[in-house]
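As stored in upload_13.pdb (PDB, C-alpha atoms, pLDDT in the B column):
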ATOM      1  CA  MET A 443       9.990   4.419  38.844  1.00 50.00           C
ATOM      2  CA  ASN A 444      12.399   1.861  37.392  1.00 49.00           C
ATOM      3  CA  ASP A 445      15.726   2.248  39.235  1.00 54.00           C
ATOM      4  CA  ASN A 446      17.605   0.780  36.259  1.00 72.00           C
ATOM      5  CA  VAL A 447      17.392   3.634  33.752  1.00 78.00           C
ATOM      6  CA  HIS A 448      18.785   1.439  30.972  1.00 73.00           C
ATOM      7  CA  GLY A 449      15.822  -0.891  31.514  1.00 75.00           C
ATOM      8  CA  LEU A 450      13.413   1.845  30.483  1.00 79.00           C
ATOM      9  CA  LEU A 451      14.677   1.818  26.895  1.00 76.00           C
ATOM     10  CA  GLY A 452      11.995  -0.413  25.358  1.00 71.00           C
ATOM     11  CA  ALA A 453       9.098   1.299  27.108  1.00 73.00           C
ATOM     12  CA  TYR A 454      10.512   4.754  26.329  1.00 79.00           C
ATOM     13  CA  ALA A 455      10.757   3.880  22.621  1.00 76.00           C
ATOM     14  CA  VAL A 456       6.946   3.491  22.417  1.00 68.00           C
ATOM     15  CA  ASP A 457       6.067   6.171  25.000  1.00 72.00           C
ATOM     16  CA  ALA A 458       5.002   3.681  27.685  1.00 70.00           C
ATOM     17  CA  VAL A 459       6.719   5.360  30.640  1.00 74.00           C
ATOM     18  CA  THR A 460       5.498   7.562  33.454  1.00 83.00           C
ATOM     19  CA  ASP A 461       6.372  11.250  33.560  1.00 85.00           C
ATOM     20  CA  ALA A 462       9.014  10.583  36.201  1.00 86.00           C
ATOM     21  CA  GLU A 463      10.539   7.736  34.172  1.00 85.00           C
ATOM     22  CA  ARG A 464      10.550   9.887  31.047  1.00 87.00           C
ATOM     23  CA  ALA A 465      12.350  12.689  32.890  1.00 89.00           C
ATOM     24  CA  ALA A 466      14.927  10.238  34.230  1.00 88.00           C
ATOM     25  CA  PHE A 467      15.565   8.690  30.819  1.00 88.00           C
ATOM     26  CA  ASP A 468      15.681  12.112  29.114  1.00 91.00           C
ATOM     27  CA  ALA A 469      18.406  13.115  31.566  1.00 91.00           C
ATOM     28  CA  HIS A 470      20.280   9.850  30.985  1.00 89.00           C
ATOM     29  CA  LEU A 471      20.044   9.677  27.188  1.00 89.00           C
ATOM     30  CA  PRO A 472      22.463  12.475  26.138  1.00 91.00           C
ATOM     31  CA  GLY A 473      25.320  10.812  28.023  1.00 89.00           C
ATOM     32  CA  CYS A 474      24.726   7.238  26.856  1.00 88.00           C
ATOM     33  CA  GLU A 475      25.670   6.470  23.249  1.00 87.00           C
ATOM     34  CA  ASP A 476      24.508   2.837  23.541  1.00 84.00           C
ATOM     35  CA  CYS A 477      20.996   3.836  24.600  1.00 84.00           C
ATOM     36  CA  ALA A 478      20.806   6.506  21.892  1.00 87.00           C
ATOM     37  CA  ALA A 479      21.759   4.010  19.189  1.00 82.00           C
ATOM     38  CA  GLU A 480      19.374   1.322  20.469  1.00 80.00           C
ATOM     39  CA  LEU A 481      16.533   3.839  20.781  1.00 81.00           C
ATOM     40  CA  ALA A 482      16.888   4.890  17.146  1.00 81.00           C
ATOM     41  CA  GLY A 483      16.860   1.256  16.042  1.00 73.00           C
ATOM     42  CA  LEU A 484      13.806   0.346  18.118  1.00 70.00           C
ATOM     43  CA  ARG A 485      11.814   3.271  16.776  1.00 72.00           C
ATOM     44  CA  ASP A 486      12.669   2.271  13.199  1.00 68.00           C
ATOM     45  CA  VAL A 487      11.516  -1.289  13.912  1.00 62.00           C
ATOM     46  CA  ALA A 488       8.278  -0.111  15.505  1.00 61.00           C
ATOM     47  CA  ALA A 489       7.470   2.094  12.517  1.00 62.00           C
ATOM     48  CA  ALA A 490       8.246  -0.676  10.018  1.00 56.00           C
ATOM     49  CA  LEU A 491       6.133  -3.227  11.887  1.00 50.00           C
ATOM     50  CA  ALA A 492       3.190  -0.850  12.129  1.00 51.00           C
ATOM     51  CA  ASP A 493       3.294  -0.245   8.364  1.00 52.00           C
ATOM     52  CA  ALA A 494       3.538  -3.966   7.662  1.00 46.00           C
ATOM     53  CA  GLU A 495       0.527  -4.850   9.823  1.00 44.00           C
ATOM     54  CA  ALA A 496      -1.746  -1.917   8.895  1.00 44.00           C
ATOM     55  CA  VAL A 497      -5.264  -2.952   7.905  1.00 43.00           C
ATOM     56  CA  ALA A 498      -7.557  -0.925   5.636  1.00 46.00           C
ATOM     57  CA  PRO A 499     -10.935   0.161   7.073  1.00 48.00           C
ATOM     58  CA  PRO A 500     -13.754  -2.249   6.239  1.00 48.00           C
ATOM     59  CA  ALA A 501     -15.428  -0.962   3.079  1.00 56.00           C
ATOM     60  CA  ALA A 502     -18.878  -1.970   4.335  1.00 55.00           C
ATOM     61  CA  LEU A 503     -18.601   0.117   7.499  1.00 53.00           C
ATOM     62  CA  ARG A 504     -17.372   3.182   5.640  1.00 60.00           C
ATOM     63  CA  ALA A 505     -20.188   2.739   3.113  1.00 62.00           C
ATOM     64  CA  ARG A 506     -22.769   2.621   5.920  1.00 59.00           C
ATOM     65  CA  VAL A 507     -21.404   5.818   7.435  1.00 63.00           C
ATOM     66  CA  LEU A 508     -21.447   7.605   4.070  1.00 61.00           C
ATOM     67  CA  GLU A 509     -24.996   6.396   3.438  1.00 61.00           C
ATOM     68  CA  GLU A 510     -26.098   7.744   6.833  1.00 58.00           C
ATOM     69  CA  VAL A 511     -24.488  11.104   6.065  1.00 62.00           C
ATOM     70  CA  SER A 512     -26.250  11.277   2.695  1.00 59.00           C
ATOM     71  CA  ARG A 513     -29.602  10.852   4.480  1.00 58.00           C
ATOM     72  CA  THR A 514     -28.835  13.468   7.127  1.00 58.00           C
ATOM     73  CA  ALA A 515     -30.889  16.652   6.738  1.00 58.00           C
ATOM     74  CA  GLN A 516     -29.128  19.633   5.200  1.00 55.00           C
ATOM     75  CA  LEU A 517     -30.722  21.825   7.890  1.00 52.00           C
ATOM     76  CA  PRO A 518     -31.791  20.884  11.441  1.00 48.00           C
ATOM     77  CA  PRO A 519     -35.452  19.722  11.421  1.00 46.00           C
ATOM     78  CA  ASP A 520     -37.748  22.011  13.418  1.00 48.00           C
ATOM     79  CA  ASP A 521     -39.703  19.108  14.855  1.00 46.00           C
ATOM     80  CA  ALA A 522     -36.721  16.880  15.625  1.00 44.00           C
ATOM     81  CA  GLU A 523     -37.207  14.669  18.625  1.00 46.00           C
ATOM     82  CA  VAL A 524     -34.893  15.816  21.391  1.00 45.00           C
ATOM     83  CA  ALA A 525     -33.039  13.010  23.123  1.00 48.00           C
ATOM     84  CA  PRO A 526     -33.040  13.123  26.940  1.00 51.00           C
ATOM     85  CA  ALA A 527     -30.125  15.053  28.385  1.00 49.00           C
ATOM     86  CA  ASP A 528     -28.872  12.060  30.365  1.00 57.00           C
ATOM     87  CA  GLU A 529     -28.895   9.901  27.211  1.00 54.00           C
ATOM     88  CA  LEU A 530     -26.856  12.453  25.271  1.00 52.00           C
ATOM     89  CA  ALA A 531     -24.443  12.860  28.175  1.00 54.00           C
ATOM     90  CA  ALA A 532     -24.008   9.097  28.367  1.00 59.00           C
ATOM     91  CA  ALA A 533     -23.306   8.948  24.642  1.00 55.00           C
ATOM     92  CA  ARG A 534     -20.641  11.643  24.932  1.00 53.00           C
ATOM     93  CA  GLU A 535     -19.038   9.851  27.894  1.00 57.00           C
ATOM     94  CA  ALA A 536     -19.003   6.619  25.919  1.00 55.00           C
ATOM     95  CA  ARG A 537     -17.257   8.354  23.027  1.00 51.00           C
ATOM     96  CA  HIS A 538     -14.658   9.829  25.362  1.00 50.00           C
ATOM     97  CA  ALA A 539     -14.076   6.466  26.997  1.00 49.00           C
ATOM     98  CA  ARG A 540     -13.426   4.873  23.618  1.00 45.00           C
ATOM     99  CA  SER A 541     -11.407   7.652  22.032  1.00 42.00           C
ATOM    100  CA  GLY A 542      -9.283   8.924  24.940  1.00 40.00           C
ATOM    101  CA  HIS A 543      -5.595   8.374  24.250  1.00 38.00           C
ATOM    102  CA  ARG A 544      -5.126   6.267  21.152  1.00 39.00           C
ATOM    103  CA  TRP A 545      -2.392   4.315  22.991  1.00 40.00           C
ATOM    104  CA  PRO A 546      -3.569   3.559  26.575  1.00 42.00           C
ATOM    105  CA  ARG A 547      -0.820   2.699  29.029  1.00 41.00           C
ATOM    106  CA  PHE A 548      -1.458  -1.044  29.122  1.00 41.00           C
ATOM    107  CA  VAL A 549      -1.268  -1.164  25.308  1.00 43.00           C
ATOM    108  CA  LEU A 550       1.936   0.856  25.295  1.00 44.00           C
ATOM    109  CA  ALA A 551       3.475  -1.431  27.882  1.00 45.00           C
ATOM    110  CA  ALA A 552       2.615  -4.399  25.663  1.00 48.00           C
ATOM    111  CA  ALA A 553       4.047  -2.560  22.681  1.00 49.00           C
ATOM    112  CA  SER A 554       7.378  -2.006  24.385  1.00 49.00           C
ATOM    113  CA  VAL A 555       7.683  -5.736  25.034  1.00 48.00           C
ATOM    114  CA  ALA A 556       6.536  -6.563  21.526  1.00 49.00           C
ATOM    115  CA  VAL A 557       9.157  -4.369  19.897  1.00 47.00           C
ATOM    116  CA  LEU A 558      11.801  -6.304  21.747  1.00 47.00           C
ATOM    117  CA  ALA A 559      10.183  -9.683  21.071  1.00 50.00           C
ATOM    118  CA  GLY A 560       9.501  -9.370  17.336  1.00 49.00           C
ATOM    119  CA  VAL A 561       6.843  -9.119  14.671  1.00 44.00           C
ATOM    120  CA  GLY A 562       4.357 -11.678  15.999  1.00 45.00           C
ATOM    121  CA  ALA A 563       3.671 -10.055  19.353  1.00 45.00           C
ATOM    122  CA  PHE A 564       3.622  -6.548  17.936  1.00 48.00           C
ATOM    123  CA  ALA A 565       0.750  -7.432  15.589  1.00 48.00           C
ATOM    124  CA  GLY A 566      -1.629  -7.471  18.563  1.00 51.00           C
ATOM    125  CA  VAL A 567      -0.784  -3.860  19.370  1.00 50.00           C
ATOM    126  CA  VAL A 568      -1.455  -2.806  15.782  1.00 49.00           C
ATOM    127  CA  LEU A 569      -4.841  -4.543  15.915  1.00 53.00           C
ATOM    128  CA  THR A 570      -5.639  -2.609  19.089  1.00 58.00           C
ATOM    129  CA  GLU A 571      -4.856   0.617  17.238  1.00 58.00           C
ATOM    130  CA  ARG A 572      -7.158  -0.530  14.425  1.00 57.00           C
ATOM    131  CA  ASN A 573      -9.930  -1.155  16.955  1.00 61.00           C
ATOM    132  CA  ALA A 574      -9.577   2.451  18.096  1.00 65.00           C
ATOM    133  CA  GLU A 575     -10.098   3.585  14.500  1.00 67.00           C
ATOM    134  CA  LEU A 576     -13.222   1.430  14.231  1.00 68.00           C
ATOM    135  CA  ALA A 577     -14.516   3.001  17.449  1.00 72.00           C
ATOM    136  CA  MET A 578     -14.045   6.425  15.888  1.00 72.00           C
ATOM    137  CA  GLU A 579     -16.064   5.339  12.851  1.00 74.00           C
ATOM    138  CA  GLN A 580     -18.843   4.207  15.183  1.00 76.00           C
ATOM    139  CA  ASP A 581     -18.708   7.610  16.908  1.00 80.00           C
ATOM    140  CA  VAL A 582     -19.148   9.225  13.500  1.00 80.00           C
ATOM    141  CA  MET A 583     -22.291   7.135  13.007  1.00 78.00           C
ATOM    142  CA  MET A 584     -23.636   8.396  16.335  1.00 81.00           C
ATOM    143  CA  VAL A 585     -23.094  12.022  15.322  1.00 83.00           C
ATOM    144  CA  ALA A 586     -24.532  11.538  11.817  1.00 80.00           C
ATOM    145  CA  SER A 587     -27.704   9.978  13.242  1.00 79.00           C
ATOM    146  CA  ALA A 588     -28.203  12.534  16.058  1.00 81.00           C
ATOM    147  CA  PRO A 589     -31.685  14.178  16.051  1.00 81.00           C
ATOM    148  CA  ASP A 590     -30.273  17.628  15.283  1.00 85.00           C
ATOM    149  CA  ALA A 591     -27.476  16.564  12.913  1.00 86.00           C
ATOM    150  CA  HIS A 592     -27.246  18.413   9.619  1.00 86.00           C
ATOM    151  CA  SER A 593     -24.774  18.013   6.797  1.00 88.00           C
ATOM    152  CA  MET A 594     -23.154  20.483   4.440  1.00 90.00           C
ATOM    153  CA  ASP A 595     -21.093  19.938   1.317  1.00 90.00           C
ATOM    154  CA  LEU A 596     -17.339  20.174   1.832  1.00 91.00           C
ATOM    155  CA  ASP A 597     -15.415  20.968  -1.335  1.00 90.00           C
ATOM    156  CA  LEU A 598     -12.843  18.182  -1.044  1.00 92.00           C
ATOM    157  CA  GLY A 599     -13.840  15.554  -3.567  1.00 90.00           C
ATOM    158  CA  THR A 600     -17.209  14.094  -2.550  1.00 89.00           C
ATOM    159  CA  SER A 601     -17.206  15.194   1.075  1.00 89.00           C
ATOM    160  CA  HIS A 602     -19.534  16.338   3.836  1.00 88.00           C
ATOM    161  CA  LEU A 603     -19.309  18.208   7.098  1.00 91.00           C
ATOM    162  CA  VAL A 604     -21.826  16.987   9.692  1.00 90.00           C
ATOM    163  CA  VAL A 605     -22.604  19.131  12.741  1.00 90.00           C
ATOM    164  CA  SER A 606     -24.551  18.170  15.865  1.00 89.00           C
ATOM    165  CA  ASP A 607     -24.945  20.785  18.584  1.00 88.00           C
ATOM    166  CA  ARG A 608     -26.499  18.320  21.008  1.00 85.00           C
ATOM    167  CA  MET A 609     -23.626  15.860  20.552  1.00 86.00           C
ATOM    168  CA  ALA A 610     -21.125  18.773  20.645  1.00 90.00           C
ATOM    169  CA  SER A 611     -19.354  17.245  17.658  1.00 91.00           C
ATOM    170  CA  VAL A 612     -18.309  18.032  14.105  1.00 92.00           C
ATOM    171  CA  VAL A 613     -17.462  15.325  11.577  1.00 90.00           C
ATOM    172  CA  ALA A 614     -15.700  15.737   8.238  1.00 91.00           C
ATOM    173  CA  MET A 615     -15.631  12.761   5.898  1.00 87.00           C
ATOM    174  CA  GLY A 616     -15.786  11.840   2.252  1.00 88.00           C
ATOM    175  CA  GLU A 617     -14.217  10.237  -0.784  1.00 88.00           C
ATOM    176  CA  ASP A 618     -12.153  11.227  -3.827  1.00 91.00           C
ATOM    177  CA  CYS A 619     -10.255  13.771  -1.751  1.00 93.00           C
ATOM    178  CA  PRO A 620      -7.075  14.961  -3.521  1.00 94.00           C
ATOM    179  CA  LYS A 621      -3.767  14.481  -1.764  1.00 94.00           C
ATOM    180  CA  PRO A 622      -2.227  17.603  -0.218  1.00 94.00           C
ATOM    181  CA  HIS A 623       1.193  18.773  -1.359  1.00 93.00           C
ATOM    182  CA  ASP A 624       4.287  16.869  -0.227  1.00 93.00           C
ATOM    183  CA  GLY A 625       5.051  17.416   3.446  1.00 93.00           C
ATOM    184  CA  MET A 626       1.580  18.807   4.081  1.00 95.00           C
ATOM    185  CA  GLU A 627      -1.716  17.553   5.476  1.00 96.00           C
ATOM    186  CA  TYR A 628      -5.201  18.996   5.819  1.00 96.00           C
ATOM    187  CA  GLN A 629      -6.385  20.746   8.972  1.00 96.00           C
ATOM    188  CA  LEU A 630      -9.934  21.684  10.000  1.00 96.00           C
ATOM    189  CA  TRP A 631     -10.533  25.097  11.605  1.00 96.00           C
ATOM    190  CA  VAL A 632     -13.513  26.493  13.502  1.00 96.00           C
ATOM    191  CA  VAL A 633     -14.366  30.073  12.456  1.00 95.00           C
ATOM    192  CA  MET A 634     -15.765  32.328  15.197  1.00 95.00           C
ATOM    193  CA  GLU A 635     -17.888  35.494  14.983  1.00 94.00           C
ATOM    194  CA  ASP A 636     -14.854  37.707  15.530  1.00 94.00           C
ATOM    195  CA  GLY A 637     -13.065  36.100  12.581  1.00 92.00           C
ATOM    196  CA  SER A 638     -10.647  34.073  14.689  1.00 94.00           C
ATOM    197  CA  LYS A 639      -9.961  30.471  13.722  1.00 95.00           C
ATOM    198  CA  HIS A 640      -9.579  27.728  16.313  1.00 94.00           C
ATOM    199  CA  ALA A 641      -7.394  24.749  15.410  1.00 95.00           C
ATOM    200  CA  GLY A 642      -9.125  21.430  14.819  1.00 94.00           C
ATOM    201  CA  PRO A 643      -7.827  17.980  13.851  1.00 94.00           C
ATOM    202  CA  THR A 644      -5.478  17.253  10.971  1.00 95.00           C
ATOM    203  CA  PHE A 645      -6.209  14.501   8.487  1.00 93.00           C
ATOM    204  CA  MET A 646      -4.740  12.793   5.443  1.00 93.00           C
ATOM    205  CA  PRO A 647      -6.833  10.991   2.805  1.00 92.00           C
ATOM    206  CA  GLU A 648      -6.224   7.307   2.198  1.00 88.00           C
ATOM    207  CA  SER A 649      -4.798   6.095  -1.107  1.00 88.00           C
ATOM    208  CA  ASP A 650      -8.357   5.891  -2.517  1.00 87.00           C
ATOM    209  CA  GLY A 651      -9.135   9.463  -1.441  1.00 90.00           C
ATOM    210  CA  SER A 652     -11.366   8.533   1.513  1.00 88.00           C
ATOM    211  CA  PHE A 653     -10.980  10.284   4.851  1.00 89.00           C
ATOM    212  CA  MET A 654     -12.737  10.695   8.181  1.00 87.00           C
ATOM    213  CA  THR A 655     -12.015  13.006  11.103  1.00 90.00           C
ATOM    214  CA  MET A 656     -13.918  14.258  14.122  1.00 89.00           C
ATOM    215  CA  LEU A 657     -13.887  17.337  16.357  1.00 90.00           C
ATOM    216  CA  ASP A 658     -15.380  16.544  19.774  1.00 86.00           C
ATOM    217  CA  ASP A 659     -16.462  18.804  22.650  1.00 85.00           C
ATOM    218  CA  GLN A 660     -17.190  21.616  20.211  1.00 86.00           C
ATOM    219  CA  SER A 661     -19.918  24.074  21.216  1.00 87.00           C
ATOM    220  CA  MET A 662     -21.612  25.802  18.291  1.00 88.00           C
ATOM    221  CA  ASP A 663     -22.059  29.053  20.240  1.00 91.00           C
ATOM    222  CA  GLY A 664     -20.439  31.872  18.266  1.00 93.00           C
ATOM    223  CA  VAL A 665     -19.370  29.554  15.427  1.00 94.00           C
ATOM    224  CA  THR A 666     -19.972  30.998  11.945  1.00 94.00           C
ATOM    225  CA  GLY A 667     -18.321  28.337   9.820  1.00 94.00           C
ATOM    226  CA  PHE A 668     -15.445  25.962   9.176  1.00 96.00           C
ATOM    227  CA  VAL A 669     -12.487  26.034   6.821  1.00 96.00           C
ATOM    228  CA  VAL A 670      -9.874  23.508   5.726  1.00 97.00           C
ATOM    229  CA  THR A 671      -6.291  24.488   4.949  1.00 97.00           C
ATOM    230  CA  GLU A 672      -3.098  22.680   4.010  1.00 96.00           C
ATOM    231  CA  GLU A 673      -0.624  22.794   6.887  1.00 96.00           C
ATOM    232  CA  PRO A 674       2.809  21.272   7.611  1.00 95.00           C
ATOM    233  CA  MET A 675       2.709  17.744   9.028  1.00 94.00           C
ATOM    234  CA  GLY A 676       1.557  17.851  12.644  1.00 92.00           C
ATOM    235  CA  GLY A 677      -0.719  20.834  12.121  1.00 94.00           C
ATOM    236  CA  SER A 678      -0.450  24.498  13.091  1.00 95.00           C
ATOM    237  CA  ASP A 679      -1.699  26.706  15.917  1.00 94.00           C
ATOM    238  CA  GLU A 680      -2.774  29.346  13.388  1.00 94.00           C
ATOM    239  CA  PRO A 681      -3.604  28.859   9.684  1.00 95.00           C
ATOM    240  CA  THR A 682      -0.522  29.214   7.494  1.00 94.00           C
ATOM    241  CA  GLY A 683      -1.782  27.810   4.198  1.00 91.00           C
ATOM    242  CA  ASP A 684      -4.466  28.773   1.711  1.00 88.00           C
ATOM    243  CA  MET A 685      -8.066  27.743   2.405  1.00 92.00           C
ATOM    244  CA  VAL A 686      -8.996  24.741   0.263  1.00 94.00           C
ATOM    245  CA  ALA A 687     -12.583  24.379   1.527  1.00 95.00           C
ATOM    246  CA  VAL A 688     -15.029  26.733   3.266  1.00 94.00           C
ATOM    247  CA  VAL A 689     -18.350  25.946   4.977  1.00 93.00           C
ATOM    248  CA  GLU A 690     -20.519  28.803   6.259  1.00 92.00           C
ATOM    249  CA  LEU A 691     -23.254  28.174   8.825  1.00 86.00           C
TER
END
Turn this file's structure into structure tokens for me.
Amino acid sequence: MNDNVHGLLGAYAVDAVTDAERAAFDAHLPGCEDCAAELAGLRDVAAALADAEAVAPPAALRARVLEEVSRTAQLPPDDAEVAPADELAAAREARHARSGHRWPRFVLAAASVAVLAGVGAFAGVVLTERNAELAMEQDVMMVASAPDAHSMDLDLGTSHLVVSDRMASVVAMGEDCPKPHDGMEYQLWVVMEDGSKHAGPTFMPESDGSFMTMLDDQSMDGVTGFVVTEEPMGGSDEPTGDMVAVVEL
């Protein structure tokens, strides 16, 4: 742990500290007005730089994913070729290795330095974040092309829900999705046989109405459907808003 607590400021601002360092800085922060003021400023800078360097998803890649989804069977084919178990396991491990934490520690450490150094260095961190998004789009392709994948219409613009039991994944994606109300975002829920709903990922459509989200490690045992609701930013543990889309299996 860094013995100079003040020196943790930059790393703390972008969550690039260990648990012990975070605890030490959390204890220090309430009694240090200088650190509190600098922390607020650094977080504002980081947010502004990220917005300035954001890059839209390549249209060609999104088009390929949507085309693959449109070709995916509406119901699982009875004679689908079953991929070897070790191949499917390897694919899942590869997805986990790529998705993991969106901000791995070495990236966060670089980010903390970049915030202090300026716009130029920080751009590399934003590009790393963009690469993580591209990896997620590639994962979506893997799910959409799985032997047992099947798609269902999702009533959010021109949207689909793609389910693969063998890949233990659910993908929601589409275009022309309306924006949720101010201060809200969409959240996907898994509906179980007993009527309970398990929280899935939240998502927000882009300015053109396109969106893409993925629920990994999801067994289909006991699942009867999926719903989408509008929830406060950050999502909810239990549905609080009206259902805007329903998919029954």
message: Can you pull out the residues contacting Val585 of chain A? Cut-off 8 Å, using all atoms listed in the file, and skip same-chain residues under 4 positions away; I want them as a VMD selection string.
response: chain A and resid 581 591 604 to 606 609 611 to 613
task: Could you tell me which residues the PyMOL selection byres ((chain A and resi 618-628) around 8) grabs in this file, written as a list in words?
output: Leu598, Gly599, Thr600, Ser601, Gly616, Glu617, Gln629, Leu630, Thr644, Phe645, Met646, Pro647, Asp650, Gly651, Ser652, Phe653, Val670, Thr671, Glu672, Glu673, Pro674, Met675, Gly676 and Gly677 of chain A
Only C-alpha atoms, please: the residues just picked out, written as a PDB file, keeping the file's coordinate frame.
ATOM      1  CA  LEU A 598     -12.843  18.182  -1.044  1.00 92.00           C
ATOM      2  CA  GLY A 599     -13.840  15.554  -3.567  1.00 90.00           C
ATOM      3  CA  THR A 600     -17.209  14.094  -2.550  1.00 89.00           C
ATOM      4  CA  SER A 601     -17.206  15.194   1.075  1.00 89.00           C
ATOM      5  CA  GLY A 616     -15.786  11.840   2.252  1.00 88.00           C
ATOM      6  CA  GLU A 617     -14.217  10.237  -0.784  1.00 88.00           C
ATOM      7  CA  GLN A 629      -6.385  20.746   8.972  1.00 96.00           C
ATOM      8  CA  LEU A 630      -9.934  21.684  10.000  1.00 96.00           C
ATOM      9  CA  THR A 644      -5.478  17.253  10.971  1.00 95.00           C
ATOM     10  CA  PHE A 645      -6.209  14.501   8.487  1.00 93.00           C
ATOM     11  CA  MET A 646      -4.740  12.793   5.443  1.00 93.00           C
ATOM     12  CA  PRO A 647      -6.833  10.991   2.805  1.00 92.00           C
ATOM     13  CA  ASP A 650      -8.357   5.891  -2.517  1.00 87.00           C
ATOM     14  CA  GLY A 651      -9.135   9.463  -1.441  1.00 90.00           C
ATOM     15  CA  SER A 652     -11.366   8.533   1.513  1.00 88.00           C
ATOM     16  CA  PHE A 653     -10.980  10.284   4.851  1.00 89.00           C
ATOM     17  CA  VAL A 670      -9.874  23.508   5.726  1.00 97.00           C
ATOM     18  CA  THR A 671      -6.291  24.488   4.949  1.00 97.00           C
ATOM     19  CA  GLU A 672      -3.098  22.680   4.010  1.00 96.00           C
ATOM     20  CA  GLU A 673      -0.624  22.794   6.887  1.00 96.00           C
ATOM     21  CA  PRO A 674       2.809  21.272   7.611  1.00 95.00           C
ATOM     22  CA  MET A 675       2.709  17.744   9.028  1.00 94.00           C
ATOM     23  CA  GLY A 676       1.557  17.851  12.644  1.00 92.00           C
ATOM     24  CA  GLY A 677      -0.719  20.834  12.121  1.00 94.00           C
TER      25      GLY A 677
END
field: Between atom CA of Ala462 of chain A and atom CA of Leu484 of chain A - distance in Å to one decimal
entry: 21.3 Å
query: Can you list, as an MDAnalysis selection string, every protein, DNA or RNA residue that comes within 7 Å of His640 of chain A when you count only C-alpha atoms, leaving out same-chain residues fewer than 4 positions away?
result: chainID A and resid 631:633
- prompt: Selected by the PyMOL selection byres ((chain A and resi 582) around 9) in the shown coordinates: which residues, as number ranges by chain?
  reply: A: 507, 577-581, 583-587, 612-613, 654-656
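Taking only C-alpha atoms into account, Leu603 of chain A lies nearest to A:Ala687 out of the set A:Ala687, A:Cys474, A:Ala641, A:Val665.
Of the listed residues (A:Ser649, A:Tyr454, A:Gly637, A:Ala466), A:Tyr454 comes nearest to Ala482 of chain A; the distances count only C-alpha atoms.
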Polymer residues at most 7 Å from (-17.5, 22.8, 0.1) by all atoms listed in the file, as a list of chain:residue names: A:Asp595, A:Leu596, A:Asp597, A:Leu598, A:Ala687, A:Val688, A:Val689
statement: Students should find that atom CA of Ala478 of chain A and atom CA of Ala465 of chain A are spaced 15.2 Å
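Atom CA of Ala479 of chain A is positioned 18.8 Å from atom CA of Ala458 of chain A.
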- request: Evaluate the PyMOL selection byres ((chain A and resi 635) around 12) and record the selected residues as a ChimeraX atom specification, following the chain and residue labels used in the document.
  value: /A:632-634,636-640,662-668,690-691
field: From A:His592, A:Arg608, A:Arg485, A:His448, residue lying nearest Phe467 of chain A [all atoms listed in the file]
entry: A:His448
query: Which is closest to Met615 of chain A among A:Asp476, A:Glu648, A:Asp468, A:Asp684, if we use only C-alpha atoms?
result: A:Glu648
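Proximity of A:Pro681, A:Asp659, A:Val447, A:Cys477 to Arg464 of chain A, computed with all atoms listed in the file, is greatest for A:Val447.
Considering the residues A:Ala455, A:Val669, A:Ala614, A:Leu657 and counting all atoms listed in the file, Glu480 of chain A has its shortest atom-to-atom contact with A:Ala455.
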Around all the atoms of segment 626-629 of chain A listed in the file, with 5 Å of room on each side, what axis-aligned box do you get, giving centre and edge lengths in Å to one decimal, as lines of an AutoDock Vina configuration file?
center_x = -2.4
center_y = 19.1
center_z = 6.5
size_x = 18.0
size_y = 13.2
size_z = 14.9
